[in-house]
>>> print(open('final_28.cif').read())   # mmCIF, C-alpha atoms
data_entry
loop_
_atom_site.label_atom_id
_atom_site.label_comp_id
_atom_site.auth_asym_id
_atom_site.auth_seq_id
_atom_site.Cartn_x
_atom_site.Cartn_y
_atom_site.Cartn_z
CA MET L 1 -17.18 -10.61 32.33
CA ASN L 2 -17.35 -10.26 36.13
CA SER L 3 -13.96 -11.81 36.75
CA SER L 4 -12.28 -9.94 33.89
CA ILE L 5 -12.72 -6.47 35.43
CA PRO L 6 -10.05 -7.03 38.16
CA THR L 7 -7.73 -8.58 35.55
CA MET L 8 -8.01 -5.53 33.33
CA ALA L 9 -7.43 -3.15 36.24
CA ILE L 10 -4.30 -5.12 37.18
CA ILE L 11 -3.07 -5.11 33.57
CA GLY L 12 -3.49 -1.33 33.47
CA THR L 13 -1.55 -1.00 36.71
CA MET L 14 1.19 -3.27 35.36
CA LEU L 15 1.53 -1.21 32.16
CA PHE L 16 1.83 1.92 34.31
CA SER L 17 4.44 0.29 36.58
CA ILE L 18 6.53 -1.01 33.68
CA GLY L 19 6.47 2.45 32.12
CA LEU L 20 7.49 4.02 35.43
CA ILE L 21 10.37 1.59 35.90
CA GLY L 22 11.55 2.30 32.36
CA LEU L 23 11.32 6.05 32.98
CA LEU L 24 13.53 5.75 36.06
CA VAL L 25 16.02 3.24 34.66
CA ARG L 26 16.62 4.05 31.00
CA ARG L 27 18.90 6.84 29.77
CA ASN L 28 17.87 7.16 26.13
CA MET L 29 15.74 10.28 25.68
CA LEU L 30 13.48 8.70 23.02
CA ILE L 31 12.77 5.63 25.12
CA LEU L 32 11.96 7.82 28.12
CA LEU L 33 9.21 9.56 26.15
CA MET L 34 7.89 6.21 24.95
CA CYS L 35 7.75 5.06 28.58
CA VAL L 36 5.60 8.11 29.35
CA GLU L 37 3.25 7.00 26.57
CA LEU L 38 3.13 3.56 28.15
CA MET L 39 2.17 5.08 31.52
CA LEU L 40 -0.58 7.17 29.92
CA ASN L 41 -1.94 4.02 28.27
CA GLY L 42 -1.96 2.11 31.55
CA ALA L 43 -3.88 4.92 33.24
CA ASN L 44 -6.30 5.00 30.29
CA LEU L 45 -6.94 1.28 30.57
CA VAL L 46 -7.87 1.60 34.24
CA LEU L 47 -10.15 4.55 33.43
CA VAL L 48 -12.00 2.61 30.75
CA THR L 49 -12.23 -0.49 32.95
CA TYR L 50 -13.95 1.39 35.74
CA SER L 51 -16.08 3.29 33.25
CA ARG L 52 -17.41 -0.13 32.15
CA LEU L 53 -17.82 -1.34 35.73
CA TRP L 54 -19.95 1.64 36.71
CA THR L 55 -21.44 2.09 33.19
CA ASP L 56 -20.47 5.75 33.38
CA GLN L 57 -19.05 7.25 30.20
CA SER L 58 -17.18 10.03 31.99
CA GLY L 59 -14.21 7.69 32.31
CA GLN L 60 -14.07 7.25 28.55
CA ILE L 61 -14.28 11.00 28.01
CA LEU L 62 -11.36 11.48 30.39
CA ALA L 63 -9.51 8.83 28.37
CA PHE L 64 -10.12 10.92 25.22
CA VAL L 65 -8.63 13.94 26.99
CA VAL L 66 -5.60 11.86 27.94
CA ILE L 67 -5.17 10.78 24.30
CA ALA L 68 -5.26 14.43 23.19
CA VAL L 69 -2.69 15.34 25.86
CA ALA L 70 -0.49 12.44 24.70
CA ALA L 71 -0.66 13.68 21.10
CA ALA L 72 0.30 17.21 22.16
CA GLU L 73 3.09 15.88 24.38
CA VAL L 74 4.56 13.78 21.57
CA ALA L 75 4.48 16.67 19.08
CA ILE L 76 6.26 19.05 21.48
CA GLY L 77 8.47 16.48 23.21
CA PHE L 78 9.92 14.98 20.07
CA GLY L 79 10.38 18.45 18.56
CA ILE L 80 12.44 19.43 21.61
CA ILE L 81 14.42 16.16 21.49
CA LEU L 82 15.16 16.70 17.80
CA SER L 83 16.44 20.23 18.37
CA ILE L 84 18.57 19.11 21.36
CA PHE L 85 19.95 16.23 19.30
CA ARG L 86 21.00 18.64 16.53
CA ARG L 87 22.94 20.76 19.03
CA ARG L 88 24.40 18.07 21.29
CA ASP L 89 24.57 15.09 18.92
CA THR L 90 23.58 12.66 21.67
CA LEU L 91 20.44 11.16 23.19
CA ASP L 92 21.87 10.40 26.62
CA VAL L 93 19.89 12.26 29.30
CA ARG L 94 22.98 12.45 31.52
CA ARG L 95 24.52 14.82 29.00
CA PHE L 96 21.58 17.23 29.12
CA ASN L 97 22.59 18.81 32.41
CA THR L 98 22.75 22.52 31.54
CA LEU L 99 19.89 24.85 30.74
CA ARG L 100 21.93 27.07 28.43
CA TYR L 101 23.12 25.83 25.05
CA MET K 102 -14.26 -16.93 24.48
CA HIS K 103 -14.19 -13.53 26.14
CA ASP K 104 -11.66 -14.75 28.74
CA LEU K 105 -9.49 -16.37 26.08
CA PHE K 106 -9.22 -13.07 24.17
CA LEU K 107 -8.64 -11.19 27.40
CA TRP K 108 -5.67 -13.36 28.36
CA LEU K 109 -4.28 -13.25 24.82
CA PHE K 110 -4.42 -9.44 24.59
CA SER K 111 -3.21 -8.94 28.17
CA GLY K 112 -0.19 -11.10 27.44
CA LEU K 113 0.54 -9.20 24.22
CA ALA K 114 0.20 -5.85 26.01
CA LEU K 115 2.65 -6.86 28.75
CA LEU K 116 5.04 -8.39 26.21
CA GLY K 117 5.06 -5.14 24.25
CA ALA K 118 5.53 -3.09 27.42
CA VAL K 119 8.53 -5.13 28.55
CA GLY K 120 9.95 -4.92 25.01
CA THR K 121 9.56 -1.13 25.02
CA VAL K 122 11.46 -0.75 28.27
CA SER K 123 14.21 -3.28 27.57
CA SER K 124 15.03 -2.80 23.87
CA ARG K 125 18.45 -1.45 23.03
CA HIS K 126 17.55 0.51 19.91
CA PRO K 127 14.65 3.02 19.99
CA ILE K 128 13.13 1.60 16.80
CA ASN K 129 12.64 -1.78 18.53
CA SER K 130 11.06 0.07 21.45
CA ALA K 131 8.70 1.86 19.09
CA MET K 132 7.64 -1.38 17.42
CA SER K 133 6.98 -3.04 20.81
CA LEU K 134 4.98 0.04 21.79
CA VAL K 135 2.81 -0.40 18.68
CA LEU K 136 2.11 -3.97 19.81
CA THR K 137 1.06 -2.72 23.25
CA PHE K 138 -1.20 -0.01 21.77
CA LEU K 139 -2.95 -2.52 19.49
CA ALA K 140 -3.44 -4.98 22.37
CA VAL K 141 -4.85 -2.20 24.59
CA ALA K 142 -7.21 -1.20 21.77
CA SER K 143 -8.47 -4.80 21.67
CA ILE K 144 -9.03 -4.75 25.44
CA TYR K 145 -11.05 -1.52 25.00
CA ALA K 146 -13.23 -3.38 22.50
CA LEU K 147 -13.71 -6.19 25.04
CA LEU K 148 -14.83 -3.51 27.53
CA ASP K 149 -17.55 -2.26 25.12
CA ALA K 150 -15.66 1.01 24.52
CA HIS K 151 -15.88 0.65 20.76
CA LEU K 152 -15.30 4.28 19.78
CA LEU K 153 -12.30 4.51 22.09
CA ALA K 154 -10.83 1.34 20.56
CA ALA K 155 -11.08 2.89 17.09
CA ILE K 156 -9.60 6.19 18.30
CA GLN K 157 -6.76 4.32 20.00
CA VAL K 158 -5.80 2.64 16.73
CA ILE K 159 -6.19 5.79 14.61
CA VAL K 160 -4.55 8.32 16.94
CA TYR K 161 -1.98 6.28 18.84
CA VAL K 162 -0.88 3.76 16.23
CA GLY K 163 -1.68 5.85 13.18
CA ALA K 164 -0.54 9.31 14.23
CA ILE K 165 1.60 9.23 17.37
CA MET K 166 3.71 6.19 16.56
CA LEU K 167 4.16 7.33 12.96
CA PHE K 168 5.55 10.59 14.33
CA VAL K 169 7.84 8.74 16.75
CA ILE K 170 9.19 6.47 14.03
CA TYR K 171 9.78 9.41 11.66
CA THR K 172 11.70 11.20 14.42
CA ILE K 173 13.84 8.13 15.07
CA LEU K 174 14.58 7.78 11.35
CA LEU K 175 15.46 11.49 11.08
CA MET K 176 18.04 11.22 13.84
CA ASP K 177 20.49 8.85 12.19
CA ILE K 178 21.44 7.25 15.52
CA ARG K 179 24.87 5.71 15.75
CA ILE K 180 25.14 2.62 17.92
CA ASP K 181 27.65 4.26 20.30
CA ASP K 182 24.96 6.83 21.18
CA LEU K 183 23.10 4.00 22.82
CA ALA K 184 25.61 3.36 25.57
CA GLY K 185 24.27 3.17 29.09
CA ARG K 186 21.26 1.00 28.47
CA VAL K 187 20.28 0.59 32.12
CA SER K 188 21.86 2.04 35.22
CA PRO K 189 22.50 -1.21 37.12
CA VAL K 190 22.43 0.40 40.57
CA ALA K 191 18.92 1.68 39.99
CA ALA K 192 17.51 -1.33 38.15
CA GLY K 193 17.56 -4.03 40.87
CA PRO K 194 15.80 -2.21 43.71
CA LEU K 195 13.35 -0.60 41.31
CA VAL K 196 12.27 -3.91 39.81
CA VAL K 197 11.86 -5.40 43.31
CA LEU K 198 9.89 -2.35 44.49
CA GLY K 199 7.70 -2.40 41.40
CA LEU K 200 6.92 -6.10 41.78
CA ALA K 201 6.11 -5.68 45.48
CA TRP K 202 3.81 -2.80 44.65
CA LEU K 203 2.09 -4.86 41.96
CA VAL K 204 1.56 -7.77 44.35
CA LEU K 205 0.05 -5.39 46.90
CA ILE K 206 -2.31 -3.81 44.36
CA GLY K 207 -3.21 -7.19 42.88
CA ALA K 208 -3.97 -8.65 46.31
CA ARG K 209 -6.10 -5.63 47.16
CA ILE K 210 -8.08 -5.83 43.93
CA SER K 211 -8.63 -9.59 44.12
CA ASP K 212 -9.61 -9.30 47.81
CA LEU K 213 -12.58 -7.30 46.67
CA GLY K 214 -13.71 -10.26 44.58
CA PRO K 215 -15.28 -10.08 41.13
CA PRO K 216 -17.66 -7.12 41.25
CA PRO K 217 -21.13 -7.43 39.75
CA VAL K 218 -20.87 -5.86 36.31
CA PRO K 219 -24.13 -4.34 35.06
CA SER K 220 -25.15 -5.04 31.48
CA VAL K 221 -24.36 -2.40 28.88
CA PRO K 222 -26.98 0.33 28.50
CA GLU K 223 -28.15 1.37 25.05
CA GLY K 224 -25.49 3.35 23.17
CA PHE K 225 -22.72 2.85 25.73
CA GLY K 226 -19.32 3.57 24.21
CA THR K 227 -20.65 4.20 20.71
CA VAL K 228 -20.19 7.42 18.74
CA ARG K 229 -23.70 8.54 19.63
CA GLY K 230 -23.39 7.75 23.34
CA ILE K 231 -20.02 9.43 23.74
CA ALA K 232 -20.98 12.48 21.66
CA MET K 233 -24.19 13.04 23.63
CA GLU K 234 -22.22 13.16 26.85
CA LEU K 235 -19.16 15.01 25.49
CA PHE K 236 -21.11 17.89 23.98
CA THR K 237 -23.51 18.38 26.88
CA GLU K 238 -22.05 17.51 30.25
CA HIS K 239 -18.34 17.77 29.38
CA LEU K 240 -18.41 20.71 26.96
CA TYR K 241 -15.84 22.72 28.95
CA THR K 242 -13.44 19.76 28.88
CA PHE K 243 -13.82 19.67 25.11
CA GLU K 244 -13.07 23.40 24.82
CA MET K 245 -10.03 23.11 27.06
CA VAL K 246 -8.67 20.26 24.95
CA SER K 247 -9.05 22.42 21.82
CA ILE K 248 -7.07 25.22 23.50
CA LEU K 249 -4.40 22.70 24.54
CA LEU K 250 -4.10 21.42 20.98
CA LEU K 251 -3.88 24.99 19.63
CA ALA K 252 -1.06 25.72 22.10
CA ALA K 253 0.69 22.52 21.04
CA ILE K 254 0.47 23.51 17.35
CA VAL K 255 1.95 26.95 18.07
CA GLY K 256 4.71 25.36 20.17
CA ALA K 257 5.55 22.85 17.46
CA LEU K 258 5.75 25.68 14.88
CA VAL K 259 8.11 27.69 17.11
CA LEU K 260 10.34 24.63 17.59
CA ALA K 261 10.34 23.87 13.85
CA ARG K 262 11.38 27.48 13.05
CA GLN K 263 14.22 27.30 15.60
CA VAL K 264 15.51 24.09 14.02
CA ALA K 265 15.29 25.65 10.54
CA GLU K 266 17.16 28.80 11.63
CA SER K 267 19.94 26.87 13.36
CA THR K 268 20.46 24.68 10.27
CA THR K 269 20.67 27.78 8.08
CA VAL K 270 23.30 29.27 10.39
CA THR K 271 25.34 26.04 10.33
CA ASN K 272 25.11 25.86 6.55
CA GLU K 273 26.36 29.43 6.24
CA ALA K 274 29.20 28.70 8.67
CA ASP K 275 30.13 25.62 6.65
CA GLY K 276 30.09 27.54 3.39
#
>>> encode(input="final_28.cif", output="structure tokens")
Amino acid sequence: MNSSIPTMAIIGTMLFSIGLIGLLVRRNMLILLMCVELMLNGANLVLVTYSRLWTDQSGQILAFVVIAVAAAEVAIGFGIILSIFRRRDTLDVRRFNTLRY
Amino acid sequence: MHDLFLWLFSGLALLGAVGTVSSRHPINSAMSLVLTFLAVASIYALLDAHLLAAIQVIVYVGAIMLFVIYTILLMDIRIDDLAGRVSPVAAGPLVVLGLAWLVLIGARISDLGPPPVPSVPEGFGTVRGIAMELFTEHLYTFEMVSILLLAAIVGALVLARQVAESTTVTNEADG
């Protein structure tokens, strides 16, 4: 158990980094939102890891809050993507460069 | 045994993450993301966060990913929409930077050595333990999350009405 705490923290960091790289590199709107989910999960994993290390449940409660935020973000984000897709007929973020429609 | 499971689930989580970022079609990304979420839920269970592991499976895999997959299916994506998979100018330096950052963080964490992990107190990470803390010490957090979810529901309704109105207008224009 002792040696697995650093491993889990590193795995959380790696999930966050992979999500961040995807967010900066990809151009498909749907995949960008999924990369955000990946980053939230990486952050959650680090929170829970340190909550176990310090046996303090506040970290887990913060992880619950993050899950609720992720659910809200997905509901709104995918609604917005769907309505943009109906108007523009594309998912490429480079095409979404005006605020008016 | 514990270490074996840890390495297994860590590998699965990273595999799913790489699949999410590198897949060409969003549905493949979504499926890889499901793999990552399940692996992370298993790691939560290894960390004695049992309630959180259950919530991860129910909310993330059950609700969020279902929503994502429905959205993808609704969109009827043609394959020529998927052009521009990765901007090659950005990809190289970013991957190098990300790896360097990881090595730095990893070296820092392993420098500290394996920390002494205290044994689990009674009720840690169970429904009872979490609820006792959530509804006493973190009650304001709970209330704020409810307000956030209410705002999200209202926002989703507004968006759904907009979509419905614009389809009606298009239908009338077509007819």
>>> resolve_selection(input="final_28.cif", expression="the PyMOL selection byres ((chain K and resi 136-145) around 9)", output="ChimeraX atom specification")
/L:8,38,41-42,45,48-49 /K:106-107,109-118,121,131-135,146-158,161-162
>>> interface_residues(input="final_28.cif", of="chain L", to="chain K", cutoff="8 Å", atoms="all atoms listed in the file", output="PyMOL selection string")
chain L and resi 1-6+8+10-11+13-15+17-19+21-22+24-28+30-31+34-35+38+41+45+48-49+52-55+57-58+60-61+64-65+67-69+71-76+78-80+82-83+85+90-92
>>> atom_distance(input="final_28.cif", atom1="atom CA of L:Val36", atom2="atom CA of K:Tyr171")
18.2 Å
>>> axis_aligned_box(input="final_28.cif", around="stretch 40-55 of chain L", padding_each_side="3 Å", output="lines of an AutoDock Vina configuration file")
center_x = -11.0
center_y = 2.9
center_z = 32.5
size_x = 26.9
size_y = 14.5
size_z = 14.4
>>> atom_distance(input="final_28.cif", atom1="atom CA of L:Thr7", atom2="atom CA of L:Val66")
21.9 Å
>>> closest_residue(input="final_28.cif", among="L:Ala63, L:Ala9, L:Leu20, L:Leu33", to="L:Ile81", atoms="all atoms listed in the file")
L:Leu33
>>> atom_distance(input="final_28.cif", atom1="atom CA of L:Leu62", atom2="atom CA of L:Leu47")
7.7 Å
>>> build_atoms(input="final_28.cif", residues="stretch 73-94 of chain L", atoms="N, CA, C and O atoms", output="PDB file, keeping the file's coordinate frame")
ATOM      1  N   GLU L  73       1.806  16.122  23.724  1.00  0.00           N
ATOM      2  CA  GLU L  73       3.090  15.880  24.380  1.00  0.00           C
ATOM      3  C   GLU L  73       4.097  15.302  23.394  1.00  0.00           C
ATOM      4  O   GLU L  73       5.274  15.693  23.390  1.00  0.00           O
ATOM      5  N   VAL L  74       3.635  14.380  22.540  1.00  0.00           N
ATOM      6  CA  VAL L  74       4.560  13.780  21.570  1.00  0.00           C
ATOM      7  C   VAL L  74       5.032  14.829  20.574  1.00  0.00           C
ATOM      8  O   VAL L  74       6.224  14.918  20.272  1.00  0.00           O
ATOM      9  N   ALA L  75       4.089  15.669  20.082  1.00  0.00           N
ATOM     10  CA  ALA L  75       4.480  16.670  19.080  1.00  0.00           C
ATOM     11  C   ALA L  75       5.532  17.610  19.649  1.00  0.00           C
ATOM     12  O   ALA L  75       6.561  17.869  19.013  1.00  0.00           O
ATOM     13  N   ILE L  76       5.314  18.117  20.880  1.00  0.00           N
ATOM     14  CA  ILE L  76       6.260  19.050  21.480  1.00  0.00           C
ATOM     15  C   ILE L  76       7.527  18.334  21.935  1.00  0.00           C
ATOM     16  O   ILE L  76       8.648  18.757  21.659  1.00  0.00           O
ATOM     17  N   GLY L  77       7.329  17.192  22.624  1.00  0.00           N
ATOM     18  CA  GLY L  77       8.470  16.480  23.210  1.00  0.00           C
ATOM     19  C   GLY L  77       9.467  16.040  22.149  1.00  0.00           C
ATOM     20  O   GLY L  77      10.672  16.277  22.299  1.00  0.00           O
ATOM     21  N   PHE L  78       8.979  15.456  21.072  1.00  0.00           N
ATOM     22  CA  PHE L  78       9.920  14.980  20.070  1.00  0.00           C
ATOM     23  C   PHE L  78      10.526  16.143  19.290  1.00  0.00           C
ATOM     24  O   PHE L  78      11.678  16.054  18.853  1.00  0.00           O
ATOM     25  N   GLY L  79       9.778  17.257  19.149  1.00  0.00           N
ATOM     26  CA  GLY L  79      10.380  18.450  18.560  1.00  0.00           C
ATOM     27  C   GLY L  79      11.556  18.943  19.385  1.00  0.00           C
ATOM     28  O   GLY L  79      12.626  19.254  18.854  1.00  0.00           O
ATOM     29  N   ILE L  80      11.369  18.977  20.720  1.00  0.00           N
ATOM     30  CA  ILE L  80      12.440  19.430  21.610  1.00  0.00           C
ATOM     31  C   ILE L  80      13.625  18.467  21.534  1.00  0.00           C
ATOM     32  O   ILE L  80      14.785  18.887  21.419  1.00  0.00           O
ATOM     33  N   ILE L  81      13.333  17.150  21.558  1.00  0.00           N
ATOM     34  CA  ILE L  81      14.420  16.160  21.490  1.00  0.00           C
ATOM     35  C   ILE L  81      15.205  16.333  20.195  1.00  0.00           C
ATOM     36  O   ILE L  81      16.436  16.315  20.193  1.00  0.00           O
ATOM     37  N   LEU L  82      14.484  16.559  19.100  1.00  0.00           N
ATOM     38  CA  LEU L  82      15.160  16.700  17.800  1.00  0.00           C
ATOM     39  C   LEU L  82      16.074  17.922  17.818  1.00  0.00           C
ATOM     40  O   LEU L  82      17.222  17.854  17.356  1.00  0.00           O
ATOM     41  N   SER L  83      15.593  19.040  18.401  1.00  0.00           N
ATOM     42  CA  SER L  83      16.440  20.230  18.370  1.00  0.00           C
ATOM     43  C   SER L  83      17.620  20.087  19.334  1.00  0.00           C
ATOM     44  O   SER L  83      18.720  20.570  19.044  1.00  0.00           O
ATOM     45  N   ILE L  84      17.433  19.370  20.470  1.00  0.00           N
ATOM     46  CA  ILE L  84      18.570  19.110  21.360  1.00  0.00           C
ATOM     47  C   ILE L  84      19.576  18.202  20.677  1.00  0.00           C
ATOM     48  O   ILE L  84      20.787  18.416  20.739  1.00  0.00           O
ATOM     49  N   PHE L  85      19.048  17.189  19.975  1.00  0.00           N
ATOM     50  CA  PHE L  85      19.950  16.230  19.300  1.00  0.00           C
ATOM     51  C   PHE L  85      20.798  16.939  18.247  1.00  0.00           C
ATOM     52  O   PHE L  85      21.976  16.630  18.070  1.00  0.00           O
ATOM     53  N   ARG L  86      20.212  17.931  17.560  1.00  0.00           N
ATOM     54  CA  ARG L  86      21.000  18.640  16.530  1.00  0.00           C
ATOM     55  C   ARG L  86      22.124  19.445  17.166  1.00  0.00           C
ATOM     56  O   ARG L  86      23.181  19.604  16.566  1.00  0.00           O
ATOM     57  N   ARG L  87      21.892  19.966  18.381  1.00  0.00           N
ATOM     58  CA  ARG L  87      22.940  20.760  19.030  1.00  0.00           C
ATOM     59  C   ARG L  87      23.981  19.890  19.714  1.00  0.00           C
ATOM     60  O   ARG L  87      25.170  20.146  19.651  1.00  0.00           O
ATOM     61  N   ARG L  88      23.519  18.852  20.440  1.00  0.00           N
ATOM     62  CA  ARG L  88      24.400  18.070  21.290  1.00  0.00           C
ATOM     63  C   ARG L  88      24.914  16.792  20.632  1.00  0.00           C
ATOM     64  O   ARG L  88      25.882  16.220  21.087  1.00  0.00           O
ATOM     65  N   ASP L  89      24.183  16.297  19.626  1.00  0.00           N
ATOM     66  CA  ASP L  89      24.570  15.090  18.920  1.00  0.00           C
ATOM     67  C   ASP L  89      24.575  13.864  19.833  1.00  0.00           C
ATOM     68  O   ASP L  89      25.389  12.964  19.684  1.00  0.00           O
ATOM     69  N   THR L  90      23.697  13.837  20.816  1.00  0.00           N
ATOM     70  CA  THR L  90      23.580  12.660  21.670  1.00  0.00           C
ATOM     71  C   THR L  90      22.145  12.554  22.176  1.00  0.00           C
ATOM     72  O   THR L  90      21.400  13.533  22.140  1.00  0.00           O
ATOM     73  N   LEU L  91      21.787  11.355  22.634  1.00  0.00           N
ATOM     74  CA  LEU L  91      20.440  11.160  23.190  1.00  0.00           C
ATOM     75  C   LEU L  91      20.489  10.812  24.664  1.00  0.00           C
ATOM     76  O   LEU L  91      19.471  10.524  25.269  1.00  0.00           O
ATOM     77  N   ASP L  92      21.696  10.826  25.232  1.00  0.00           N
ATOM     78  CA  ASP L  92      21.870  10.400  26.620  1.00  0.00           C
ATOM     79  C   ASP L  92      21.405  11.514  27.565  1.00  0.00           C
ATOM     80  O   ASP L  92      21.923  12.635  27.515  1.00  0.00           O
ATOM     81  N   VAL L  93      20.419  11.205  28.434  1.00  0.00           N
ATOM     82  CA  VAL L  93      19.890  12.260  29.300  1.00  0.00           C
ATOM     83  C   VAL L  93      20.926  12.762  30.295  1.00  0.00           C
ATOM     84  O   VAL L  93      20.810  13.870  30.807  1.00  0.00           O
ATOM     85  N   ARG L  94      21.959  11.969  30.570  1.00  0.00           N
ATOM     86  CA  ARG L  94      22.980  12.450  31.520  1.00  0.00           C
ATOM     87  C   ARG L  94      23.791  13.596  30.946  1.00  0.00           C
ATOM     88  O   ARG L  94      24.420  14.348  31.675  1.00  0.00           O
TER      89      ARG L  94
END
